[in-house]
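Heads up, entry-v1.txt below (compact mmCIF, C-alpha atoms and all ligand atoms):
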# COMPACT_ATOMS: atom_id res chain seq x y z
CA MET A 1 95.17 32.98 -8.62
CA LYS A 2 92.46 33.10 -5.98
CA GLU A 3 91.86 30.65 -3.16
CA ILE A 4 89.46 30.62 -0.22
CA ARG A 5 90.96 30.26 3.25
CA LEU A 6 89.45 29.72 6.66
CA ALA A 7 89.67 33.11 8.38
CA SER A 8 88.26 32.03 11.74
CA ARG A 9 86.29 29.21 13.34
CA PRO A 10 82.55 29.77 13.74
CA THR A 11 80.50 29.30 16.86
CA GLY A 12 77.02 28.20 15.85
CA TRP A 13 76.04 29.37 12.36
CA PRO A 14 79.04 30.27 10.16
CA THR A 15 79.08 33.59 8.27
CA ALA A 16 80.99 35.11 5.34
CA ALA A 17 83.44 36.55 7.91
CA ASN A 18 84.76 33.04 8.61
CA PHE A 19 86.17 32.95 5.06
CA GLU A 20 88.90 34.95 3.37
CA ILE A 21 89.62 35.33 -0.37
CA ALA A 22 93.39 35.34 -0.94
CA GLU A 23 95.66 35.94 -3.94
CA THR A 24 98.54 33.51 -4.32
CA PRO A 25 100.88 32.52 -7.19
CA VAL A 26 99.82 29.65 -9.47
CA PRO A 27 101.84 26.65 -8.19
CA ALA A 28 104.14 24.62 -10.45
CA ALA A 29 103.81 20.87 -10.94
CA GLY A 30 106.73 18.79 -9.67
CA ASP A 31 107.81 15.35 -10.86
CA GLY A 32 104.86 12.94 -10.89
CA GLN A 33 102.39 15.81 -10.47
CA VAL A 34 99.81 17.63 -12.54
CA LEU A 35 98.65 21.25 -12.51
CA ILE A 36 94.86 21.48 -12.67
CA ARG A 37 92.63 24.41 -13.56
CA ASN A 38 89.48 23.87 -11.53
CA LEU A 39 86.15 24.00 -13.38
CA TYR A 40 83.67 23.01 -10.65
CA MET A 41 83.91 22.51 -6.90
CA SER A 42 81.60 20.97 -4.35
CA VAL A 43 80.21 22.54 -1.19
CA ASP A 44 78.97 19.97 1.32
CA PRO A 45 77.40 19.95 4.78
CA TYR A 46 80.29 17.88 6.23
CA MET A 47 82.55 20.90 5.67
CA ARG A 48 80.75 22.59 8.57
CA GLY A 49 82.24 19.99 10.92
CA ARG A 50 85.70 20.62 9.49
CA MET A 51 85.44 24.29 10.46
CA ASN A 52 85.53 23.18 14.12
CA ASP A 53 88.76 22.23 15.82
CA ALA A 54 87.42 18.83 16.77
CA LYS A 55 88.62 15.27 16.39
CA SER A 56 86.54 13.51 13.76
CA TYR A 57 86.78 11.01 10.91
CA ILE A 58 88.38 13.78 8.81
CA ALA A 59 90.95 16.45 9.75
CA PRO A 60 89.72 19.96 10.57
CA PHE A 61 90.42 22.90 8.23
CA GLN A 62 93.27 25.09 9.50
CA VAL A 63 92.84 28.82 10.13
CA GLY A 64 94.83 30.75 7.50
CA ALA A 65 95.06 27.77 5.14
CA PRO A 66 92.94 27.08 2.04
CA LEU A 67 89.90 24.88 2.46
CA ASP A 68 89.71 21.69 0.42
CA GLY A 69 87.05 19.37 -0.91
CA ALA A 70 85.88 17.63 -4.06
CA ALA A 71 86.52 19.38 -7.39
CA ILE A 72 86.67 18.74 -11.12
CA GLY A 73 89.28 20.34 -13.32
CA GLU A 74 91.29 20.23 -16.50
CA VAL A 75 94.97 19.28 -16.51
CA VAL A 76 96.93 22.25 -17.90
CA GLU A 77 100.44 20.94 -17.19
CA SER A 78 101.48 17.34 -16.66
CA ARG A 79 104.68 15.88 -15.29
CA ALA A 80 102.94 12.59 -14.57
CA GLU A 81 103.10 9.58 -16.85
CA GLY A 82 99.73 8.54 -18.27
CA ILE A 83 97.89 11.81 -17.62
CA GLU A 84 97.71 14.06 -20.66
CA VAL A 85 97.27 17.82 -20.75
CA GLY A 86 93.56 18.36 -21.40
CA ALA A 87 92.45 15.37 -19.30
CA VAL A 88 89.52 16.05 -16.98
CA VAL A 89 90.19 14.89 -13.43
CA ALA A 90 88.25 14.53 -10.18
CA HIS A 91 90.29 15.33 -7.07
CA GLY A 92 90.17 16.77 -3.56
CA TYR A 93 91.64 20.27 -3.98
CA GLY A 94 88.63 22.52 -4.35
CA TRP A 95 88.23 26.10 -3.05
CA ARG A 96 91.03 27.37 -5.37
CA GLU A 97 91.41 28.26 -9.05
CA TYR A 98 94.46 26.07 -9.69
CA ALA A 99 95.75 23.03 -7.82
CA VAL A 100 98.82 20.83 -7.97
CA ALA A 101 98.24 17.17 -7.21
CA ASP A 102 100.20 13.93 -7.20
CA ALA A 103 99.07 11.66 -10.02
CA ASN A 104 97.75 9.07 -7.57
CA ARG A 105 95.48 11.69 -5.95
CA VAL A 106 93.47 12.37 -9.12
CA ARG A 107 91.00 10.25 -11.07
CA VAL A 108 90.69 10.79 -14.82
CA VAL A 109 87.00 10.93 -15.79
CA ASP A 110 85.24 10.68 -19.14
CA PRO A 111 83.46 13.97 -19.96
CA ALA A 112 81.28 12.17 -22.51
CA ALA A 113 79.85 9.81 -19.88
CA ALA A 114 78.18 12.57 -17.86
CA PRO A 115 75.43 15.10 -18.66
CA THR A 116 77.71 17.85 -17.28
CA LEU A 117 81.16 17.67 -15.70
CA SER A 118 79.65 18.74 -12.39
CA ALA A 119 77.74 15.43 -12.27
CA TYR A 120 81.02 13.88 -11.10
CA LEU A 121 80.57 15.91 -7.90
CA GLY A 122 76.94 14.86 -7.53
CA LEU A 123 75.03 11.97 -9.01
CA LEU A 124 78.11 10.23 -10.43
CA GLY A 125 80.37 11.07 -7.48
CA MET A 126 80.49 10.83 -3.71
CA THR A 127 76.91 12.05 -3.36
CA GLY A 128 75.40 9.33 -5.51
CA LEU A 129 77.55 6.66 -3.90
CA THR A 130 76.41 7.81 -0.44
CA ALA A 131 72.79 7.33 -1.45
CA TYR A 132 73.49 3.92 -2.99
CA VAL A 133 75.55 2.52 -0.13
CA GLY A 134 73.29 4.00 2.54
CA LEU A 135 70.12 2.60 1.04
CA LEU A 136 71.30 -0.79 -0.21
CA ASP A 137 74.18 -1.82 2.06
CA ILE A 138 73.52 0.02 5.31
CA ALA A 139 69.70 0.04 5.45
CA ARG A 140 69.61 -3.22 3.43
CA PHE A 141 66.69 -2.02 1.31
CA ARG A 142 64.54 -4.77 -0.20
CA GLU A 143 61.98 -4.63 -2.98
CA GLY A 144 58.54 -3.90 -1.52
CA ASP A 145 59.87 -1.76 1.36
CA THR A 146 58.23 1.52 2.26
CA VAL A 147 61.05 4.08 2.49
CA PHE A 148 61.22 7.48 4.16
CA VAL A 149 64.02 9.89 3.16
CA SER A 150 64.69 13.17 4.97
CA GLY A 151 66.57 16.01 3.28
CA ALA A 152 64.92 14.45 0.26
CA ALA A 153 65.32 17.35 -2.19
CA GLY A 154 69.04 17.65 -1.46
CA ALA A 155 71.95 15.97 -3.21
CA VAL A 156 72.05 12.65 -1.35
CA GLY A 157 68.36 12.46 -0.44
CA SER A 158 67.08 13.02 -3.97
CA VAL A 159 69.26 10.17 -5.26
CA ALA A 160 68.36 7.85 -2.35
CA GLY A 161 64.64 8.32 -3.00
CA GLN A 162 65.04 7.75 -6.73
CA ILE A 163 67.10 4.58 -6.22
CA ALA A 164 64.42 3.25 -3.86
CA ARG A 165 61.79 3.88 -6.55
CA LEU A 166 63.91 2.31 -9.29
CA ARG A 167 64.72 -0.73 -7.14
CA GLY A 168 61.04 -1.47 -6.50
CA ALA A 169 60.00 0.26 -3.29
CA LYS A 170 56.35 -0.09 -2.39
CA ARG A 171 56.18 3.55 -1.41
CA VAL A 172 58.76 6.36 -1.19
CA ILE A 173 58.12 9.34 1.10
CA GLY A 174 60.30 12.43 1.34
CA SER A 175 60.53 15.47 3.57
CA ALA A 176 61.99 18.83 2.60
CA GLY A 177 61.88 22.47 3.67
CA SER A 178 59.75 24.26 1.06
CA ALA A 179 56.60 23.88 -1.03
CA GLU A 180 58.70 24.06 -4.22
CA LYS A 181 60.88 21.17 -3.01
CA VAL A 182 57.83 19.10 -2.08
CA ARG A 183 56.39 19.66 -5.55
CA HIS A 184 59.72 18.69 -7.12
CA LEU A 185 59.85 15.42 -5.17
CA VAL A 186 56.42 14.27 -6.26
CA GLU A 187 56.17 15.71 -9.77
CA ASP A 188 59.76 15.46 -11.04
CA LEU A 189 61.36 12.67 -9.03
CA GLY A 190 58.44 10.27 -8.66
CA PHE A 191 58.15 10.19 -4.85
CA ASP A 192 54.76 8.79 -3.81
CA ALA A 193 54.32 11.40 -1.09
CA ALA A 194 56.25 14.34 0.31
CA PHE A 195 55.76 16.99 2.98
CA ASN A 196 57.28 20.25 4.17
CA TYR A 197 58.69 19.61 7.65
CA LYS A 198 58.18 23.30 8.50
CA ASP A 199 54.39 23.05 8.05
CA ALA A 200 53.53 20.77 11.02
CA PRO A 201 55.27 18.25 13.32
CA VAL A 202 57.20 15.64 11.33
CA ARG A 203 55.62 12.88 13.40
CA ASP A 204 52.09 13.81 12.32
CA GLN A 205 52.97 14.39 8.67
CA LEU A 206 54.92 11.13 8.43
CA ARG A 207 52.07 9.16 9.98
CA ALA A 208 49.65 10.64 7.45
CA ALA A 209 51.97 9.90 4.54
CA ALA A 210 52.76 6.34 5.69
CA PRO A 211 49.63 4.98 7.36
CA ASP A 212 51.05 1.43 7.23
CA GLY A 213 54.40 2.48 8.68
CA ILE A 214 57.86 2.52 7.09
CA ASP A 215 60.45 -0.25 6.69
CA VAL A 216 63.51 1.90 5.92
CA TYR A 217 64.49 5.37 7.06
CA PHE A 218 67.35 7.19 5.26
CA ASP A 219 68.34 9.84 7.81
CA ASN A 220 70.05 13.02 6.60
CA VAL A 221 68.67 15.24 9.35
CA GLY A 222 68.51 13.62 12.83
CA GLY A 223 66.55 15.36 15.61
CA ASP A 224 62.78 15.47 15.21
CA HIS A 225 62.99 13.53 11.93
CA LEU A 226 64.74 10.58 13.55
CA GLU A 227 62.32 10.62 16.43
CA ALA A 228 59.34 10.63 14.06
CA ALA A 229 60.84 7.81 12.00
CA LEU A 230 61.37 5.66 15.10
CA GLY A 231 57.67 6.06 15.80
CA SER A 232 56.65 5.03 12.26
CA LEU A 233 59.14 2.20 11.71
CA ASN A 234 57.67 -1.27 11.41
CA LYS A 235 59.05 -4.31 13.22
CA PHE A 236 62.61 -5.12 12.04
CA GLY A 237 62.85 -1.68 10.40
CA ARG A 238 66.24 -0.44 9.28
CA VAL A 239 67.79 3.02 9.48
CA ALA A 240 70.82 4.38 7.59
CA LEU A 241 72.28 7.15 9.75
CA CYS A 242 73.81 9.26 6.99
CA GLY A 243 73.83 12.73 8.52
CA ALA A 244 72.30 14.96 11.18
CA ILE A 245 72.22 18.39 9.55
CA ALA A 246 69.60 19.71 11.98
CA GLN A 247 72.32 19.89 14.62
CA TYR A 248 75.48 20.92 12.73
CA ASN A 249 75.06 24.58 13.68
CA GLU A 250 73.60 24.06 17.15
CA GLU A 251 75.79 25.20 20.01
CA VAL A 252 74.01 22.80 22.37
CA PRO A 253 73.22 19.42 20.75
CA PRO A 254 69.59 18.32 21.08
CA ALA A 255 68.64 15.65 23.59
CA GLY A 256 67.13 12.50 22.24
CA PRO A 257 65.64 10.96 20.22
CA ARG A 258 63.43 10.58 23.27
CA ASN A 259 61.78 7.41 21.97
CA LEU A 260 64.91 5.38 21.22
CA GLY A 261 63.54 2.68 23.54
CA LEU A 262 61.15 1.74 20.72
CA ALA A 263 64.15 0.20 18.93
CA VAL A 264 64.13 -2.65 21.45
CA GLY A 265 60.58 -3.89 21.01
CA LYS A 266 60.55 -3.27 17.26
CA GLU A 267 63.96 -4.96 16.94
CA LEU A 268 65.24 -2.09 14.79
CA ASN A 269 68.64 -1.81 13.20
CA LEU A 270 70.21 1.68 13.19
CA ARG A 271 73.59 1.95 11.50
CA GLY A 272 75.85 4.89 10.73
CA PHE A 273 78.37 4.96 7.89
CA ILE A 274 81.00 7.11 6.17
CA VAL A 275 80.97 6.82 2.39
CA GLY A 276 84.76 7.09 2.13
CA ASN A 277 84.99 3.59 3.63
CA HIS A 278 82.75 2.13 0.90
CA ASN A 279 84.61 3.16 -2.26
CA HIS A 280 84.78 -0.47 -3.39
CA ARG A 281 81.07 -0.10 -4.32
CA MET A 282 81.77 2.67 -6.87
CA PRO A 283 81.95 0.34 -9.92
CA ASP A 284 78.62 -1.35 -9.06
CA PHE A 285 77.03 2.01 -8.42
CA LEU A 286 78.35 3.65 -11.58
CA ALA A 287 77.21 0.73 -13.76
CA GLU A 288 73.66 1.03 -12.42
CA ALA A 289 73.51 4.83 -12.23
CA SER A 290 74.93 5.33 -15.75
CA ALA A 291 72.24 3.06 -17.18
CA TRP A 292 69.49 4.94 -15.30
CA LEU A 293 70.90 8.22 -16.54
CA ARG A 294 71.16 7.00 -20.14
CA ASP A 295 67.54 5.82 -20.05
CA GLY A 296 66.32 9.05 -18.47
CA GLN A 297 65.11 7.23 -15.35
CA ILE A 298 67.04 9.30 -12.83
CA SER A 299 67.30 13.06 -12.51
CA ALA A 300 70.58 14.78 -11.65
CA ARG A 301 69.29 18.26 -10.90
CA GLU A 302 71.87 20.74 -9.59
CA THR A 303 71.95 24.24 -8.16
CA VAL A 304 74.93 26.03 -9.73
CA VAL A 305 76.54 29.12 -8.19
CA GLU A 306 78.91 31.12 -10.41
CA GLY A 307 82.41 32.09 -9.34
CA LEU A 308 84.92 30.98 -6.73
CA VAL A 309 84.40 34.18 -4.73
CA ASN A 310 80.78 33.10 -4.21
CA ALA A 311 81.74 29.65 -2.88
CA PRO A 312 81.37 30.66 0.80
CA GLU A 313 77.82 31.91 0.08
CA ALA A 314 77.07 28.69 -1.79
CA PHE A 315 78.26 26.69 1.21
CA LEU A 316 76.16 28.78 3.62
CA GLY A 317 73.27 28.33 1.18
CA VAL A 318 73.45 24.55 1.53
CA LEU A 319 73.17 24.87 5.31
CA ARG A 320 70.18 27.20 4.85
CA GLY A 321 68.48 24.91 2.32
CA GLU A 322 68.86 27.15 -0.76
CA ASN A 323 69.74 24.22 -3.03
CA ILE A 324 67.60 21.76 -4.96
CA GLY A 325 69.72 18.73 -5.79
CA LYS A 326 73.49 19.05 -5.57
CA MET A 327 74.95 22.49 -4.87
CA VAL A 328 78.06 23.12 -6.99
CA VAL A 329 80.20 26.15 -7.76
CA ARG A 330 81.35 26.84 -11.33
CA LEU A 331 84.73 28.54 -11.34
P1 LIG A 401 71.97 18.57 0.74
O1 LIG A 401 72.09 18.81 -0.71
O2 LIG A 401 70.88 17.68 1.23
O3 LIG A 401 71.89 19.98 1.46
C1 LIG A 401 71.56 20.06 2.80
C2 LIG A 401 70.04 20.22 2.97
O4 LIG A 401 69.72 20.01 4.34
C3 LIG A 401 69.56 21.61 2.68
O5 LIG A 401 69.28 21.78 1.31
C4 LIG A 401 68.33 21.73 3.56
O6 LIG A 401 67.17 21.46 2.78
C5 LIG A 401 68.50 20.63 4.60
N1 LIG A 401 68.50 21.16 5.96
C6 LIG A 401 69.26 22.15 6.47
N2 LIG A 401 68.97 22.35 7.76
C7 LIG A 401 67.97 21.48 8.07
C8 LIG A 401 67.23 21.22 9.27
N3 LIG A 401 67.44 21.89 10.40
N4 LIG A 401 66.29 20.25 9.22
C9 LIG A 401 66.05 19.56 8.08
N5 LIG A 401 66.73 19.77 6.93
C10 LIG A 401 67.68 20.71 6.93
O7 LIG A 401 73.35 18.02 1.30
P2 LIG A 401 73.98 16.59 1.01
O8 LIG A 401 73.05 15.80 0.20
O9 LIG A 401 75.35 16.79 0.56
O10 LIG A 401 74.04 15.95 2.47
C11 LIG A 401 72.84 15.45 3.08
C12 LIG A 401 73.21 14.78 4.40
O11 LIG A 401 74.05 13.67 4.15
C13 LIG A 401 73.97 15.69 5.36
O12 LIG A 401 73.54 15.41 6.66
C14 LIG A 401 75.40 15.25 5.17
O13 LIG A 401 76.20 15.53 6.29
C15 LIG A 401 75.22 13.77 4.92
N6 LIG A 401 76.30 13.12 4.19
C16 LIG A 401 76.85 11.99 4.76
C17 LIG A 401 77.80 11.27 4.12
C18 LIG A 401 78.31 10.04 4.78
O14 LIG A 401 79.31 9.48 4.32
N7 LIG A 401 77.68 9.57 5.83
C19 LIG A 401 78.32 11.69 2.80
C20 LIG A 401 77.63 12.85 2.24
C21 LIG A 401 76.66 13.53 2.93
P3 LIG A 401 65.67 21.83 3.30
O15 LIG A 401 65.23 23.00 2.50
O16 LIG A 401 64.91 20.59 2.99
O17 LIG A 401 65.76 22.15 4.76

Can the structure from this file be put into structure tokens for me?
Amino acid sequence: MKEIRLASRPTGWPTAANFEIAETPVPAAGDGQVLIRNLYMSVDPYMRGRMNDAKSYIAPFQVGAPLDGAAIGEVVESRAEGIEVGAVVAHGYGWREYAVADANRVRVVDPAAAPTLSAYLGLLGMTGLTAYVGLLDIARFREGDTVFVSGAAGAVGSVAGQIARLRGAKRVIGSAGSAEKVRHLVEDLGFDAAFNYKDAPVRDQLRAAAPDGIDVYFDNVGGDHLEAALGSLNKFGRVALCGAIAQYNEEVPPAGPRNLGLAVGKELNLRGFIVGNHNHRMPDFLAEASAWLRDGQISARETVVEGLVNAPEAFLGVLRGENIGKMVVRL
């Protein structure tokens, strides 16, 4: 079977040379374990941080060892009570064709409850939960708020903006990196306004899109987006610090935001979070998201790349903005 290993650690932007495709025997399941044939795997921006040898909330990848991350697969051999051969499971051993996992490290999912199995990596998985927790619990969104979402055409951002709309936002504004993405936000996802951050300074475009200011900022990007949002936030505004993708590949982190002092006078609340510490919200989220999905009120668009060997390119594609919605790899 094939697996993808970390060949070397990048400096700045990663390249295909940082990855290695290796052949290795299919592992055997031990007592209490299952053997899984992977069907889909996730590529996520946080994996860029794991390519560095740095202390963080999650362990770094090891040079010479397979990468890991969220995946969906079918159980082909089971030595675990309660998990049948043929069950579809969500787990954390992506980047390989087959994986062995302890029974308590997999979650059996219902294929019939999702539009595609890959939705368990996106809308109905960690991505959707990130949007839900970030918007509702961290930014404490309230009906009638004007909401700005950056990275809005991506996996988390597109769900965050749609939840804001469905929960009664006054106005939802999104930023993204292409004309096609901007069109998608307004025409397909129901954003009230959207702009391409590459066209003109974010500050000017945000001001034009939100003349009365914003109450909530869902930050996936950091940098100039965060600075612009601080300028547009109304008194008592709230910010969910979800990610800062603008700086993941920078060798020298940007200074700023230069206007952070505004947070004092406006009495702003800026709060970071890691979704893995909010798993208790999954049942609430799934109940609401499944109903939206069933009623056709929420879109779960994905960009699907074919083949494990193309997973490194899919991952690099996420960093370059080649995805609309969740980027997944079909094995
Ligand atoms: P996305 O699907 O949003 O993919 C990343 C997107 O970022 C790209 O499509 C690209 O779109 C955009 N991007 C890349 N570089 C830049 C840049 N310099 N400036 C602005 N936008 C850029 O990924 P996810 O939805 O999985 O993740 C979104 C964010 O959420 C990331 O920051 C990630 O780290 C974070 N995250 C945080 C979690 C948490 O627990 N806190 C959990 C999951 C994700 P474009 O064409 O618009 O540039």

Please extract the residues at most 6 Å from ligand LIG 401 (chain A), counting only C-alpha atoms and all ligand atoms, and provide them as a PDB file with C-alpha atoms, keeping the file's coordinate frame, using the chain letters and residue numbers of this document.
ATOM      1  CA  ASP A  44      78.970  19.970   1.320  1.00  0.00           C
ATOM      2  CA  PRO A  45      77.400  19.950   4.780  1.00  0.00           C
ATOM      3  CA  TYR A  46      80.290  17.880   6.230  1.00  0.00           C
ATOM      4  CA  THR A 127      76.910  12.050  -3.360  1.00  0.00           C
ATOM      5  CA  THR A 130      76.410   7.810  -0.440  1.00  0.00           C
ATOM      6  CA  GLY A 151      66.570  16.010   3.280  1.00  0.00           C
ATOM      7  CA  GLY A 154      69.040  17.650  -1.460  1.00  0.00           C
ATOM      8  CA  ALA A 155      71.950  15.970  -3.210  1.00  0.00           C
ATOM      9  CA  VAL A 156      72.050  12.650  -1.350  1.00  0.00           C
ATOM     10  CA  GLY A 157      68.360  12.460  -0.440  1.00  0.00           C
ATOM     11  CA  ALA A 176      61.990  18.830   2.600  1.00  0.00           C
ATOM     12  CA  GLY A 177      61.880  22.470   3.670  1.00  0.00           C
ATOM     13  CA  SER A 178      59.750  24.260   1.060  1.00  0.00           C
ATOM     14  CA  ASN A 220      70.050  13.020   6.600  1.00  0.00           C
ATOM     15  CA  VAL A 221      68.670  15.240   9.350  1.00  0.00           C
ATOM     16  CA  CYS A 242      73.810   9.260   6.990  1.00  0.00           C
ATOM     17  CA  GLY A 243      73.830  12.730   8.520  1.00  0.00           C
ATOM     18  CA  ALA A 244      72.300  14.960  11.180  1.00  0.00           C
ATOM     19  CA  ILE A 245      72.220  18.390   9.550  1.00  0.00           C
ATOM     20  CA  ALA A 246      69.600  19.710  11.980  1.00  0.00           C
ATOM     21  CA  PHE A 273      78.370   4.960   7.890  1.00  0.00           C
ATOM     22  CA  ILE A 274      81.000   7.110   6.170  1.00  0.00           C
ATOM     23  CA  VAL A 275      80.970   6.820   2.390  1.00  0.00           C
ATOM     24  CA  VAL A 318      73.450  24.550   1.530  1.00  0.00           C
ATOM     25  CA  LEU A 319      73.170  24.870   5.310  1.00  0.00           C
ATOM     26  CA  ARG A 320      70.180  27.200   4.850  1.00  0.00           C
ATOM     27  CA  GLY A 321      68.480  24.910   2.320  1.00  0.00           C
ATOM     28  CA  GLU A 322      68.860  27.150  -0.760  1.00  0.00           C
ATOM     29  CA  ASN A 323      69.740  24.220  -3.030  1.00  0.00           C
ATOM     30  CA  GLY A 325      69.720  18.730  -5.790  1.00  0.00           C
ATOM     31  CA  LYS A 326      73.490  19.050  -5.570  1.00  0.00           C
TER      32      LYS A 326
END

At a cut-off of 10 Å, using all atoms listed in the file, what residues contact Pro254 in chain A? Leave out same-chain residues fewer than 3 positions from it and give the result as a list in words.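 Residues near the query, excluding close chain neighbours: Gly222, Gly223, Asp224, Ala246, Gln247, Glu250, Glu251 and Pro257 of chain A.
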
What lies within 8 Å of Ile21 in chain A using all atoms listed in the file, ignoring chain neighbours under 6 positions off, as a JSON list (two decimals) with C-alpha atoms, keeping the file's coordinate frame?
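Done, and the output landed in selection-v1.json:
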[["chain", "number", "residue", "atom", "x", "y", "z"],
["A", 2, "LYS", "CA", 92.46, 33.10, -5.98],
["A", 3, "GLU", "CA", 91.86, 30.65, -3.16],
["A", 4, "ILE", "CA", 89.46, 30.62, -0.22],
["A", 5, "ARG", "CA", 90.96, 30.26, 3.25],
["A", 309, "VAL", "CA", 84.40, 34.18, -4.73]]

Residue contacts of range 262-272 of chain A (9 Å, all atoms listed in the file) excluding same-chain residues fewer than 5 positions away, as an mmCIF file with C-alpha atoms, in the frame of the given file:
data_model
loop_
_atom_site.group_PDB
_atom_site.id
_atom_site.type_symbol
_atom_site.label_atom_id
_atom_site.label_comp_id
_atom_site.auth_asym_id
_atom_site.auth_seq_id
_atom_site.Cartn_x
_atom_site.Cartn_y
_atom_site.Cartn_z
ATOM 1 C CA GLY A 134 73.290 4.000 2.540
ATOM 2 C CA ILE A 138 73.520 0.020 5.310
ATOM 3 C CA ALA A 139 69.700 0.040 5.450
ATOM 4 C CA LEU A 230 61.370 5.660 15.100
ATOM 5 C CA GLY A 231 57.670 6.060 15.800
ATOM 6 C CA LEU A 233 59.140 2.200 11.710
ATOM 7 C CA ASN A 234 57.670 -1.270 11.410
ATOM 8 C CA LYS A 235 59.050 -4.310 13.220
ATOM 9 C CA PHE A 236 62.610 -5.120 12.040
ATOM 10 C CA GLY A 237 62.850 -1.680 10.400
ATOM 11 C CA ARG A 238 66.240 -0.440 9.280
ATOM 12 C CA VAL A 239 67.790 3.020 9.480
ATOM 13 C CA ALA A 240 70.820 4.380 7.590
ATOM 14 C CA LEU A 241 72.280 7.150 9.750
ATOM 15 C CA CYS A 242 73.810 9.260 6.990
ATOM 16 C CA GLY A 243 73.830 12.730 8.520
#

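Residue nearest Val85 in chain A, chosen from A:Ser158, A:Thr146, A:Ser290, A:Gln33 and counting all atoms listed in the file: A:Gln33.
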
CA of Asp188 in chain A to CA of Ala314 in chain A, distance in Å rounded to a single decimal: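 One can read the CA of Asp188 in chain A to CA of Ala314 in chain A distance as 23.7 Å.
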
For Ala209 in chain A, the closest of A:Ile163, A:Arg48, A:Lys181, A:Ser175 counting all atoms listed in the file is A:Ser175

Give one line per residue of range 3-111 of chain A that approaches range 122-125 of chain A to at most 10 Å, naming the two atoms of the closest pair and their distance in Å to one decimal, counting only C-alpha atoms; sort by chain then ascending residue number and deliver it as JSON lines.
{"residue": "A:Ser42", "atom": "CA", "partner": "A:Gly122", "partner_atom": "CA", "distance": 8.3}
{"residue": "A:Ala70", "atom": "CA", "partner": "A:Gly125", "partner_atom": "CA", "distance": 9.2}
{"residue": "A:Ala90", "atom": "CA", "partner": "A:Gly125", "partner_atom": "CA", "distance": 9.0}

Counting only C-alpha atoms, the option among A:Val106, A:Arg96, A:Asp215, A:Phe141 closest to Ala311 in chain A: A:Arg96
